[in-house]
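Asks: So that you have it, the file is structure-v3.cif, and it contains mmCIF, C-alpha atoms and all ligand atoms:
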```
data_start
loop_
_atom_site.label_atom_id
_atom_site.label_comp_id
_atom_site.auth_asym_id
_atom_site.auth_seq_id
_atom_site.Cartn_x
_atom_site.Cartn_y
_atom_site.Cartn_z
CA MET A 21 0.00 0.00 0.00
CA GLU A 22 1.35 3.42 -1.01
CA GLU A 23 -1.17 5.67 0.69
CA ILE A 24 -4.02 5.56 3.16
CA PHE A 25 -7.13 7.74 3.16
CA LEU A 26 -8.78 9.19 6.25
CA THR A 27 -11.37 11.92 6.67
CA SER A 28 -10.52 15.07 8.61
CA ARG A 29 -13.14 13.96 11.13
CA GLN A 30 -11.31 10.64 11.67
CA ILE A 31 -8.04 12.53 12.08
CA ASP A 32 -9.68 14.67 14.79
CA GLN A 33 -11.12 11.57 16.44
CA LEU A 34 -7.70 9.89 16.64
CA ALA A 35 -5.98 13.05 17.89
CA SER A 36 -8.60 13.38 20.67
CA LEU A 37 -8.22 9.71 21.59
CA ALA A 38 -4.46 10.23 21.88
CA LYS A 39 -4.88 13.39 24.00
CA SER A 40 -7.43 11.81 26.35
CA SER A 41 -5.15 8.80 26.89
CA LEU A 42 -2.14 10.85 27.98
CA PRO A 43 0.29 10.24 29.60
CA ASN A 44 -0.18 6.76 28.10
CA GLU A 45 -0.11 5.64 24.51
CA SER A 46 -3.51 5.14 22.91
CA CYS A 47 -4.43 2.56 20.30
CA ALA A 48 -7.20 1.70 17.85
CA PHE A 49 -8.00 -0.55 14.95
CA LEU A 50 -8.68 1.08 11.60
CA LEU A 51 -11.44 -0.63 9.67
CA GLY A 52 -12.14 -0.15 6.02
CA LYS A 53 -11.67 -1.41 2.53
CA ASN A 54 -8.52 -1.25 0.44
CA ASP A 55 -6.82 2.03 1.33
CA ARG A 56 -9.87 3.87 2.68
CA ILE A 57 -10.59 3.93 6.42
CA THR A 58 -14.29 3.87 7.18
CA GLU A 59 -14.39 3.24 10.91
CA ILE A 60 -12.19 3.71 13.93
CA LEU A 61 -12.38 1.20 16.74
CA PRO A 62 -10.71 2.60 19.87
CA MET A 63 -8.99 -0.08 21.94
CA GLN A 64 -7.68 -0.12 25.49
CA ASN A 65 -3.95 -0.03 25.91
CA ALA A 66 -3.51 -3.05 28.19
CA ASP A 67 0.03 -1.89 29.01
CA ARG A 68 -1.18 1.46 30.41
CA SER A 69 2.22 2.74 29.39
CA ALA A 70 3.74 5.86 27.89
CA ILE A 71 6.27 3.84 25.91
CA SER A 72 4.32 0.85 24.66
CA PHE A 73 0.90 -0.51 23.91
CA SER A 74 -0.77 -3.89 23.68
CA ILE A 75 -4.30 -5.05 23.09
CA LYS A 76 -5.78 -8.01 24.94
CA PRO A 77 -6.26 -11.03 22.64
CA GLN A 78 -9.96 -11.14 23.49
CA GLN A 79 -10.38 -7.53 22.29
CA VAL A 80 -8.44 -8.31 19.13
CA LEU A 81 -10.79 -11.20 18.35
CA GLN A 82 -13.84 -9.03 19.02
CA ALA A 83 -12.47 -6.41 16.63
CA TYR A 84 -11.93 -8.99 13.88
CA ASP A 85 -15.46 -10.36 14.41
CA LEU A 86 -16.95 -6.89 14.21
CA ALA A 87 -15.01 -6.09 11.04
CA GLU A 88 -16.18 -9.34 9.46
CA SER A 89 -19.82 -8.71 10.41
CA LYS A 90 -19.57 -5.30 8.74
CA LYS A 91 -17.83 -6.77 5.70
CA MET A 92 -14.81 -4.61 6.40
CA GLN A 93 -11.19 -5.39 6.98
CA ILE A 94 -8.78 -4.28 9.62
CA ILE A 95 -6.53 -2.29 7.33
CA GLY A 96 -4.54 -0.52 9.97
CA ILE A 97 -3.44 -0.19 13.54
CA PHE A 98 -3.27 3.22 15.15
CA HIS A 99 -1.28 4.18 18.20
CA SER A 100 0.12 7.38 19.64
CA HIS A 101 3.54 8.37 20.88
CA PRO A 102 4.32 11.09 23.38
CA ALA A 103 7.39 11.52 21.16
CA LYS A 104 8.15 11.66 17.46
CA PRO A 105 5.85 9.68 15.13
CA ALA A 106 8.43 7.06 14.16
CA PRO A 107 8.17 3.33 14.83
CA SER A 108 10.09 2.13 17.89
CA SER A 109 12.17 -1.02 17.69
CA THR A 110 9.29 -2.90 19.35
CA ASP A 111 6.85 -1.42 16.83
CA LYS A 112 9.09 -2.62 13.99
CA ARG A 113 9.10 -6.16 15.35
CA PHE A 114 5.31 -6.23 15.56
CA MET A 115 4.95 -4.56 12.17
CA GLU A 116 6.84 -7.44 10.65
CA ILE A 117 4.40 -9.92 12.22
CA ASN A 118 1.37 -7.79 11.39
CA PRO A 119 1.92 -6.14 8.00
CA VAL A 120 -1.10 -3.84 7.97
CA VAL A 121 -0.65 -0.05 7.90
CA TRP A 122 0.68 1.31 11.17
CA LEU A 123 -0.55 4.84 11.78
CA ILE A 124 1.29 6.76 14.48
CA TYR A 125 0.29 10.11 15.98
CA SER A 126 2.76 12.23 17.88
CA THR A 127 1.18 14.04 20.82
CA THR A 128 4.27 16.27 21.02
CA GLU A 129 4.54 17.16 17.33
CA HIS A 130 0.81 16.87 16.57
CA ARG A 131 1.29 15.00 13.32
CA PHE A 132 0.52 11.63 11.81
CA LYS A 133 2.84 9.27 10.00
CA ALA A 134 2.04 5.86 8.55
CA TYR A 135 4.26 2.89 7.87
CA VAL A 136 4.01 -0.60 6.53
CA TYR A 137 6.38 -3.52 6.58
CA ASP A 138 7.02 -5.39 3.37
CA THR A 139 10.70 -6.19 2.99
CA ASP A 140 11.52 -3.41 5.40
CA VAL A 141 9.66 -0.61 7.17
CA ARG A 142 8.64 2.06 4.70
CA GLU A 143 6.45 5.12 4.89
CA VAL A 144 2.87 5.23 3.62
CA VAL A 145 1.42 8.61 2.61
CA VAL A 146 -1.47 9.77 4.83
CA LYS A 147 -4.13 11.45 2.68
CA ILE A 148 -6.75 13.52 4.45
CA ILE A 149 -10.07 13.95 2.70
CA THR A 150 -12.92 16.22 3.72
CA ALA A 151 -16.06 14.18 4.28
ZN ZN B 1 5.02 2.85 19.02
#
```
Would you put the structure from the file into structure tokens?
Replies:
Amino acid sequence: MEEIFLTSRQIDQLASLAKSSLPNESCAFLLGKNDRITEILPMQNADRSAISFSIKPQQVLQAYDLAESKKMQIIGIFHSHPAKPAPSSTDKRFMEINPVVWLIYSTTEHRFKAYVYDTDVREVVVKIITA
């Protein structure tokens, strides 16, 4: 995937989720089709940490079930960093296992960056549409 499409409303929703989760990292699944996100599914950061996040397996399964019932796919994983929006070494490891789009929001720089792992971590362009 070269780019991912989100609405300005979804961008606001994710930025608010990140802010309300401070000082911890926030996380969410991004549902949609192809490269277009249609729904955001906020998840609880089971780590309750400012430097990492994890989602309980039961919540992951529920998210996949919900996506399937809506005939959508989980096309991305969102999480926030109280630091720059670059994947940490832990993120990179998990990106390799889970090669969906990884969208990261920096609560210090107030910007989004997206990445995907194919043969290595590379950037995906975040396209914001008004809808
Ligand atoms: Zn991270």
Asks: List as a list of chain:residue names: which residues have an atom within 6 Å of (-11.4, 15.9, 8.1), counting only C-alpha atoms?
Replies: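 Residues found, by chain and rising number: A:Thr27, A:Ser28, A:Arg29, A:Ile149, A:Thr150.
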Asks: Please provide the set of residues having any atom within 9 Å of region 37-43 of chain A, restricted to only C-alpha atoms, with same-chain residues fewer than 6 positions apart removed, written as a ChimeraX atom specification.
Replies: /A:62,65,68-70,99-102,125-127
Asks: Give the residues close to ligand ZN 1 (chain B), within 10 Å, counting all atoms listed in the file; write them as a list in words.
Replies: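 For ligand ZN 1 (chain B), the residues inside 10 Å are Glu45, Ser46, Cys47, Ala70, Ile71, Ser72, Phe73, Phe98, His99, Ser100, His101, Pro102, Ala103, Lys104, Pro105, Ala106, Pro107, Ser108, Ser109, Thr110, Asp111, Lys112, Phe114, Trp122, Leu123, Ile124, Tyr125 and Ser126 of chain A.
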Asks: What separation in Å, quoted to one decimal, exists between CA of Glu143 (chain A) and CA of Glu23 (chain A)?
Replies: 8.7 Å
Asks: Region 49-61 of chain A: which residues within 6 Å, counting only C-alpha atoms, same-chain residues fewer than 4 positions away excluded, as number ranges by chain?
Replies: A: 24-26, 92-97
Asks: May I ask for the distance between CA of Val145 (chain A) and CA of Lys133 (chain A), given in Å to one decimal place?
Replies: 7.6 Å
Asks: Missing atoms in region 32-52 of chain A: can you complete it with N, CA, C and O atoms, as a PDB file, in the coordinates of the input?
Replies:
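After the write, selection_7.pdb holds the following:
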```
ATOM      1  N   ASP A  32      -9.344  13.996  13.530  1.00  0.00           N
ATOM      2  CA  ASP A  32      -9.680  14.670  14.790  1.00  0.00           C
ATOM      3  C   ASP A  32      -9.995  13.651  15.884  1.00  0.00           C
ATOM      4  O   ASP A  32      -9.591  13.807  17.030  1.00  0.00           O
ATOM      5  N   GLN A  33     -10.728  12.605  15.493  1.00  0.00           N
ATOM      6  CA  GLN A  33     -11.120  11.570  16.440  1.00  0.00           C
ATOM      7  C   GLN A  33      -9.880  10.882  17.038  1.00  0.00           C
ATOM      8  O   GLN A  33      -9.803  10.657  18.247  1.00  0.00           O
ATOM      9  N   LEU A  34      -8.915  10.574  16.182  1.00  0.00           N
ATOM     10  CA  LEU A  34      -7.700   9.890  16.640  1.00  0.00           C
ATOM     11  C   LEU A  34      -6.835  10.813  17.496  1.00  0.00           C
ATOM     12  O   LEU A  34      -6.277  10.379  18.504  1.00  0.00           O
ATOM     13  N   ALA A  35      -6.762  12.094  17.107  1.00  0.00           N
ATOM     14  CA  ALA A  35      -5.980  13.050  17.890  1.00  0.00           C
ATOM     15  C   ALA A  35      -6.593  13.222  19.276  1.00  0.00           C
ATOM     16  O   ALA A  35      -5.873  13.288  20.281  1.00  0.00           O
ATOM     17  N   SER A  36      -7.931  13.249  19.361  1.00  0.00           N
ATOM     18  CA  SER A  36      -8.600  13.380  20.670  1.00  0.00           C
ATOM     19  C   SER A  36      -8.395  12.135  21.516  1.00  0.00           C
ATOM     20  O   SER A  36      -8.187  12.233  22.730  1.00  0.00           O
ATOM     21  N   LEU A  37      -8.455  10.964  20.876  1.00  0.00           N
ATOM     22  CA  LEU A  37      -8.220   9.710  21.590  1.00  0.00           C
ATOM     23  C   LEU A  37      -6.820   9.733  22.216  1.00  0.00           C
ATOM     24  O   LEU A  37      -6.632   9.371  23.378  1.00  0.00           O
ATOM     25  N   ALA A  38      -5.853  10.175  21.414  1.00  0.00           N
ATOM     26  CA  ALA A  38      -4.460  10.230  21.880  1.00  0.00           C
ATOM     27  C   ALA A  38      -4.331  11.196  23.058  1.00  0.00           C
ATOM     28  O   ALA A  38      -3.702  10.875  24.066  1.00  0.00           O
ATOM     29  N   LYS A  39      -4.970  12.376  22.942  1.00  0.00           N
ATOM     30  CA  LYS A  39      -4.880  13.390  24.000  1.00  0.00           C
ATOM     31  C   LYS A  39      -5.532  12.885  25.292  1.00  0.00           C
ATOM     32  O   LYS A  39      -4.982  13.040  26.372  1.00  0.00           O
ATOM     33  N   SER A  40      -6.708  12.238  25.156  1.00  0.00           N
ATOM     34  CA  SER A  40      -7.430  11.810  26.350  1.00  0.00           C
ATOM     35  C   SER A  40      -6.746  10.619  27.022  1.00  0.00           C
ATOM     36  O   SER A  40      -7.047  10.292  28.161  1.00  0.00           O
ATOM     37  N   SER A  41      -5.855   9.947  26.321  1.00  0.00           N
ATOM     38  CA  SER A  41      -5.150   8.800  26.890  1.00  0.00           C
ATOM     39  C   SER A  41      -3.843   9.181  27.573  1.00  0.00           C
ATOM     40  O   SER A  41      -3.233   8.363  28.247  1.00  0.00           O
ATOM     41  N   LEU A  42      -3.410  10.421  27.377  1.00  0.00           N
ATOM     42  CA  LEU A  42      -2.140  10.850  27.980  1.00  0.00           C
ATOM     43  C   LEU A  42      -2.165  10.668  29.491  1.00  0.00           C
ATOM     44  O   LEU A  42      -3.219  10.843  30.093  1.00  0.00           O
ATOM     45  N   PRO A  43      -1.076  10.320  30.156  1.00  0.00           N
ATOM     46  CA  PRO A  43       0.290  10.240  29.600  1.00  0.00           C
ATOM     47  C   PRO A  43       0.571   8.938  28.835  1.00  0.00           C
ATOM     48  O   PRO A  43       1.682   8.754  28.362  1.00  0.00           O
ATOM     49  N   ASN A  44      -0.430   8.056  28.737  1.00  0.00           N
ATOM     50  CA  ASN A  44      -0.180   6.760  28.100  1.00  0.00           C
ATOM     51  C   ASN A  44      -0.367   6.807  26.588  1.00  0.00           C
ATOM     52  O   ASN A  44      -0.979   7.730  26.056  1.00  0.00           O
ATOM     53  N   GLU A  45       0.136   5.799  25.940  1.00  0.00           N
ATOM     54  CA  GLU A  45      -0.110   5.640  24.510  1.00  0.00           C
ATOM     55  C   GLU A  45      -1.559   5.169  24.334  1.00  0.00           C
ATOM     56  O   GLU A  45      -2.094   4.451  25.171  1.00  0.00           O
ATOM     57  N   SER A  46      -2.167   5.587  23.242  1.00  0.00           N
ATOM     58  CA  SER A  46      -3.510   5.140  22.910  1.00  0.00           C
ATOM     59  C   SER A  46      -3.408   4.207  21.720  1.00  0.00           C
ATOM     60  O   SER A  46      -2.384   4.179  21.031  1.00  0.00           O
ATOM     61  N   CYS A  47      -4.466   3.442  21.462  1.00  0.00           N
ATOM     62  CA  CYS A  47      -4.430   2.560  20.300  1.00  0.00           C
ATOM     63  C   CYS A  47      -5.835   2.309  19.761  1.00  0.00           C
ATOM     64  O   CYS A  47      -6.825   2.467  20.485  1.00  0.00           O
ATOM     65  N   ALA A  48      -5.910   1.946  18.505  1.00  0.00           N
ATOM     66  CA  ALA A  48      -7.200   1.700  17.850  1.00  0.00           C
ATOM     67  C   ALA A  48      -6.977   0.846  16.616  1.00  0.00           C
ATOM     68  O   ALA A  48      -5.887   0.844  16.037  1.00  0.00           O
ATOM     69  N   PHE A  49      -8.024   0.136  16.238  1.00  0.00           N
ATOM     70  CA  PHE A  49      -8.000  -0.550  14.950  1.00  0.00           C
ATOM     71  C   PHE A  49      -8.660   0.352  13.917  1.00  0.00           C
ATOM     72  O   PHE A  49      -9.608   1.076  14.215  1.00  0.00           O
ATOM     73  N   LEU A  50      -8.139   0.294  12.701  1.00  0.00           N
ATOM     74  CA  LEU A  50      -8.680   1.080  11.600  1.00  0.00           C
ATOM     75  C   LEU A  50      -9.349   0.131  10.623  1.00  0.00           C
ATOM     76  O   LEU A  50      -8.691  -0.695   9.988  1.00  0.00           O
ATOM     77  N   LEU A  51     -10.670   0.248  10.548  1.00  0.00           N
ATOM     78  CA  LEU A  51     -11.440  -0.630   9.670  1.00  0.00           C
ATOM     79  C   LEU A  51     -11.698   0.052   8.343  1.00  0.00           C
ATOM     80  O   LEU A  51     -11.816   1.283   8.287  1.00  0.00           O
ATOM     81  N   GLY A  52     -11.815  -0.732   7.304  1.00  0.00           N
ATOM     82  CA  GLY A  52     -12.140  -0.150   6.020  1.00  0.00           C
ATOM     83  C   GLY A  52     -11.987  -1.145   4.900  1.00  0.00           C
ATOM     84  O   GLY A  52     -12.002  -2.366   5.125  1.00  0.00           O
TER      85      GLY A  52
END
```
